[in-house]
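Structure first, commentary second.
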Amino acid sequence: MRNQRGTILLLPMLVIAGASLAALLALSQAGIDSLRTVVEEQDALEERVILFGCFDELLIQFAGDPNFSATTLSIGDASCDVLISNLGGNVRAFSLTRTAQNITRRLEVDLTVDPVVVTQVREEIE
């Protein structure tokens with residue numbers, strides 16, 4: 001009889017331990033998912049900062065040379081692709097693209113040449 005009492009007590013303890021382990025694993029997974037989301041958001045923000053750094057560099061280059069026609073801008077060890085379109089007269093359209101870590105960000109910029117005035121900036125995320 002004594003062995004059966006031990007078995008009867010052991011069975012609920014195993015059920016409680018199993019349920020506790022399942023709950024712990026679910027919480028751990030939620031924590032990992034949350035951390036992954038934070039890292040992805042930080043990476044996306046870093047790419048945005050780099051893209052706007054390229055935008056600043058584009059404005060500096062274009063103010064110095066209205067015929068500026070580079071296809072790539074570099075800031076530090078990062079770079080952005082540039083596409084320049086002449087919309088006629090003194091209006092230009094620039095498309096700046098930065099792709100890294102499976103994140104693509106794009107700025108579409110319209111500006112006038114003389115004087116250099118940014119008339120529109122549109123940001124896109126792919």
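Residues in the structure tokens are numbered from 1 in each chain, the chains being A, B, ... in the order shown, and ligands are numbered from 1 in the order shown.
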With a distance cut-off of 12 Å and only C-alpha atoms, select the neighbouring residues of Leu59 of chain A, excluding the residue or stretch itself and same-chain residues fewer than 3 positions from it, and output the selection as an mmCIF file with N, CA and C atoms, in the first residue's frame.
data_model
loop_
_atom_site.group_PDB
_atom_site.id
_atom_site.type_symbol
_atom_site.label_atom_id
_atom_site.label_comp_id
_atom_site.auth_asym_id
_atom_site.auth_seq_id
_atom_site.Cartn_x
_atom_site.Cartn_y
_atom_site.Cartn_z
ATOM 1 N N PHE A 52 19.437 58.918 -44.554
ATOM 2 C CA PHE A 52 19.368 60.374 -44.430
ATOM 3 C C PHE A 52 20.760 60.998 -44.417
ATOM 4 N N GLY A 53 21.773 60.240 -43.988
ATOM 5 C CA GLY A 53 23.152 60.706 -44.128
ATOM 6 C C GLY A 53 23.535 60.824 -45.603
ATOM 7 N N CYS A 54 23.105 59.853 -46.411
ATOM 8 C CA CYS A 54 23.327 59.929 -47.858
ATOM 9 C C CYS A 54 22.589 61.136 -48.447
ATOM 10 N N PHE A 55 21.393 61.402 -47.945
ATOM 11 C CA PHE A 55 20.619 62.558 -48.404
ATOM 12 C C PHE A 55 21.381 63.848 -48.112
ATOM 13 N N ASP A 56 21.929 63.967 -46.911
ATOM 14 C CA ASP A 56 22.731 65.138 -46.564
ATOM 15 C C ASP A 56 23.933 65.271 -47.504
ATOM 16 N N PHE A 62 25.388 68.288 -54.501
ATOM 17 C CA PHE A 62 24.584 68.973 -55.511
ATOM 18 C C PHE A 62 24.708 70.486 -55.389
ATOM 19 N N ALA A 63 24.797 71.000 -54.174
ATOM 20 C CA ALA A 63 24.978 72.446 -53.990
ATOM 21 C C ALA A 63 26.319 72.891 -54.566
ATOM 22 N N GLY A 64 27.330 72.035 -54.483
ATOM 23 C CA GLY A 64 28.649 72.365 -55.022
ATOM 24 C C GLY A 64 28.741 72.190 -56.525
ATOM 25 N N ASP A 65 27.937 71.283 -57.076
ATOM 26 C CA ASP A 65 27.974 71.001 -58.510
ATOM 27 C C ASP A 65 26.584 70.621 -58.987
ATOM 28 N N PRO A 66 25.857 71.560 -59.615
ATOM 29 C CA PRO A 66 24.500 71.264 -60.080
ATOM 30 C C PRO A 66 24.447 70.152 -61.140
ATOM 31 N N PHE A 68 26.039 67.362 -60.769
ATOM 32 C CA PHE A 68 26.386 66.149 -60.014
ATOM 33 C C PHE A 68 25.605 64.962 -60.576
ATOM 34 N N LEU A 73 26.556 57.008 -53.442
ATOM 35 C CA LEU A 73 27.093 57.930 -52.438
ATOM 36 C C LEU A 73 27.579 57.104 -51.266
ATOM 37 N N ARG A 92 14.998 68.765 -60.424
ATOM 38 C CA ARG A 92 15.603 67.429 -60.479
ATOM 39 C C ARG A 92 14.870 66.518 -59.494
ATOM 40 N N PHE A 94 15.578 62.929 -57.343
ATOM 41 C CA PHE A 94 16.594 61.990 -56.891
ATOM 42 C C PHE A 94 15.907 60.829 -56.193
ATOM 43 N N LEU A 96 17.143 57.900 -53.720
ATOM 44 C CA LEU A 96 18.227 57.336 -52.903
ATOM 45 C C LEU A 96 17.733 56.022 -52.320
ATOM 46 N N VAL A 109 13.284 62.384 -53.725
ATOM 47 C CA VAL A 109 13.496 63.789 -53.416
ATOM 48 C C VAL A 109 13.354 64.616 -54.686
ATOM 49 N N ASP A 110 12.543 65.664 -54.621
ATOM 50 C CA ASP A 110 12.448 66.640 -55.703
ATOM 51 C C ASP A 110 13.065 67.930 -55.201
ATOM 52 N N LEU A 111 13.881 68.572 -56.074
ATOM 53 C CA LEU A 111 14.461 69.843 -55.684
ATOM 54 C C LEU A 111 14.708 70.725 -56.891
ATOM 55 N N THR A 112 14.826 72.016 -56.622
ATOM 56 C CA THR A 112 15.170 72.960 -57.675
ATOM 57 C C THR A 112 16.671 73.194 -57.627
ATOM 58 N N VAL A 113 17.214 73.610 -58.797
ATOM 59 C CA VAL A 113 18.658 73.734 -58.934
ATOM 60 C C VAL A 113 19.178 75.077 -58.447
ATOM 61 N N PRO A 115 17.978 78.606 -56.784
ATOM 62 C CA PRO A 115 18.804 78.059 -55.707
ATOM 63 C C PRO A 115 18.379 76.629 -55.371
ATOM 64 N N VAL A 116 19.248 75.901 -54.673
ATOM 65 C CA VAL A 116 18.927 74.533 -54.276
ATOM 66 C C VAL A 116 17.876 74.586 -53.175
ATOM 67 N N VAL A 117 16.684 74.112 -53.515
ATOM 68 C CA VAL A 117 15.574 74.087 -52.560
ATOM 69 C C VAL A 117 14.895 72.728 -52.666
ATOM 70 N N VAL A 118 14.809 72.031 -51.566
ATOM 71 C CA VAL A 118 14.108 70.751 -51.544
ATOM 72 C C VAL A 118 12.617 71.039 -51.527
#
message = Would you pick out the contacts of Glu47 of chain A at 12 Å or less, using only C-alpha atoms, so that residues sharing its chain but fewer than 6 positions from it are not included, and give the list as a list in words?
response =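 What passes the distance filter is Glu40, Glu41, Gly53, Cys54, Ala78, Ser79, Cys80, Thr97, Arg98, Thr99, Ala100, Gln101, Asn102, Ile103, Thr104, Arg105, Arg106, Leu107 and Ile125 of chain A.
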Can you write out the residues you just picked, keeping N, CA and C atoms, as a short mmCIF file (atom, residue, chain, number, x, y, z; two decimals), in the first residue's frame?
data_model
loop_
_atom_site.label_atom_id
_atom_site.label_comp_id
_atom_site.auth_asym_id
_atom_site.auth_seq_id
_atom_site.Cartn_x
_atom_site.Cartn_y
_atom_site.Cartn_z
N GLU A 40 15.40 44.03 -34.84
CA GLU A 40 14.98 44.40 -36.19
C GLU A 40 14.61 45.88 -36.27
N GLU A 41 13.93 46.39 -35.25
CA GLU A 41 13.58 47.81 -35.22
C GLU A 41 14.82 48.68 -35.14
N GLY A 53 21.77 60.24 -43.99
CA GLY A 53 23.15 60.71 -44.13
C GLY A 53 23.53 60.82 -45.60
N CYS A 54 23.10 59.85 -46.41
CA CYS A 54 23.33 59.93 -47.86
C CYS A 54 22.59 61.14 -48.45
N ALA A 78 29.37 52.88 -45.34
CA ALA A 78 28.03 52.60 -45.88
C ALA A 78 27.86 53.34 -47.20
N SER A 79 26.94 52.83 -48.02
CA SER A 79 26.69 53.50 -49.29
C SER A 79 25.21 53.43 -49.65
N CYS A 80 24.81 54.33 -50.55
CA CYS A 80 23.43 54.38 -51.04
C CYS A 80 23.49 54.49 -52.57
N THR A 97 18.51 54.96 -52.49
CA THR A 97 18.11 53.65 -52.00
C THR A 97 19.22 53.06 -51.15
N ARG A 98 18.83 52.50 -50.03
CA ARG A 98 19.76 51.82 -49.12
C ARG A 98 19.18 50.46 -48.80
N THR A 99 19.93 49.41 -49.11
CA THR A 99 19.51 48.05 -48.80
C THR A 99 20.58 47.38 -47.95
N ALA A 100 20.18 46.87 -46.81
CA ALA A 100 21.10 46.14 -45.93
C ALA A 100 20.26 45.31 -44.96
N GLN A 101 20.76 44.14 -44.62
CA GLN A 101 20.12 43.28 -43.63
C GLN A 101 18.64 43.03 -43.97
N ASN A 102 18.36 42.78 -45.24
CA ASN A 102 17.00 42.51 -45.72
C ASN A 102 16.04 43.68 -45.52
N ILE A 103 16.59 44.88 -45.37
CA ILE A 103 15.78 46.08 -45.21
C ILE A 103 16.12 47.02 -46.36
N THR A 104 15.11 47.43 -47.12
CA THR A 104 15.33 48.40 -48.20
C THR A 104 14.54 49.66 -47.87
N ARG A 105 15.26 50.76 -47.85
CA ARG A 105 14.63 52.06 -47.61
C ARG A 105 14.94 52.95 -48.79
N ARG A 106 13.99 53.81 -49.15
CA ARG A 106 14.17 54.68 -50.30
C ARG A 106 13.64 56.08 -49.97
N LEU A 107 14.39 57.07 -50.46
CA LEU A 107 13.94 58.45 -50.40
C LEU A 107 13.76 58.94 -51.82
N ILE A 125 9.54 52.24 -47.51
CA ILE A 125 10.19 51.08 -46.89
C ILE A 125 9.68 49.84 -47.61
#
key: segment 57-101 of chain A: residues DSSP assigns to alpha helix (DSSP H), reported as a list of chain:residue names   =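 The residues of segment 57-101 of chain A classed as alpha helix (DSSP H) are A:Glu57, A:Leu58, A:Leu59, A:Ile60, A:Gln61, A:Phe62, A:Ala63, A:Gly64.
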Just to be explicit: take each residue in the selection above, keep C-alpha atoms, and write the result as an mmCIF file, in the first residue's frame.
data_model
loop_
_atom_site.group_PDB
_atom_site.id
_atom_site.type_symbol
_atom_site.label_atom_id
_atom_site.label_comp_id
_atom_site.auth_asym_id
_atom_site.auth_seq_id
_atom_site.Cartn_x
_atom_site.Cartn_y
_atom_site.Cartn_z
ATOM 1 C CA GLU A 57 25.761 64.167 -48.659
ATOM 2 C CA LEU A 58 23.663 64.445 -51.829
ATOM 3 C CA LEU A 59 22.617 67.995 -50.911
ATOM 4 C CA ILE A 60 26.222 68.967 -50.205
ATOM 5 C CA GLN A 61 27.444 67.510 -53.503
ATOM 6 C CA PHE A 62 24.584 68.973 -55.511
ATOM 7 C CA ALA A 63 24.978 72.446 -53.990
ATOM 8 C CA GLY A 64 28.649 72.365 -55.022
#
query = So how far away is atom CA of Arg122 of chain A from atom CA of Ala93 of chain A, in Å?
reply =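 For atom CA of Ala93 of chain A relative to atom CA of Arg122 of chain A, the distance reads 11.2 Å.
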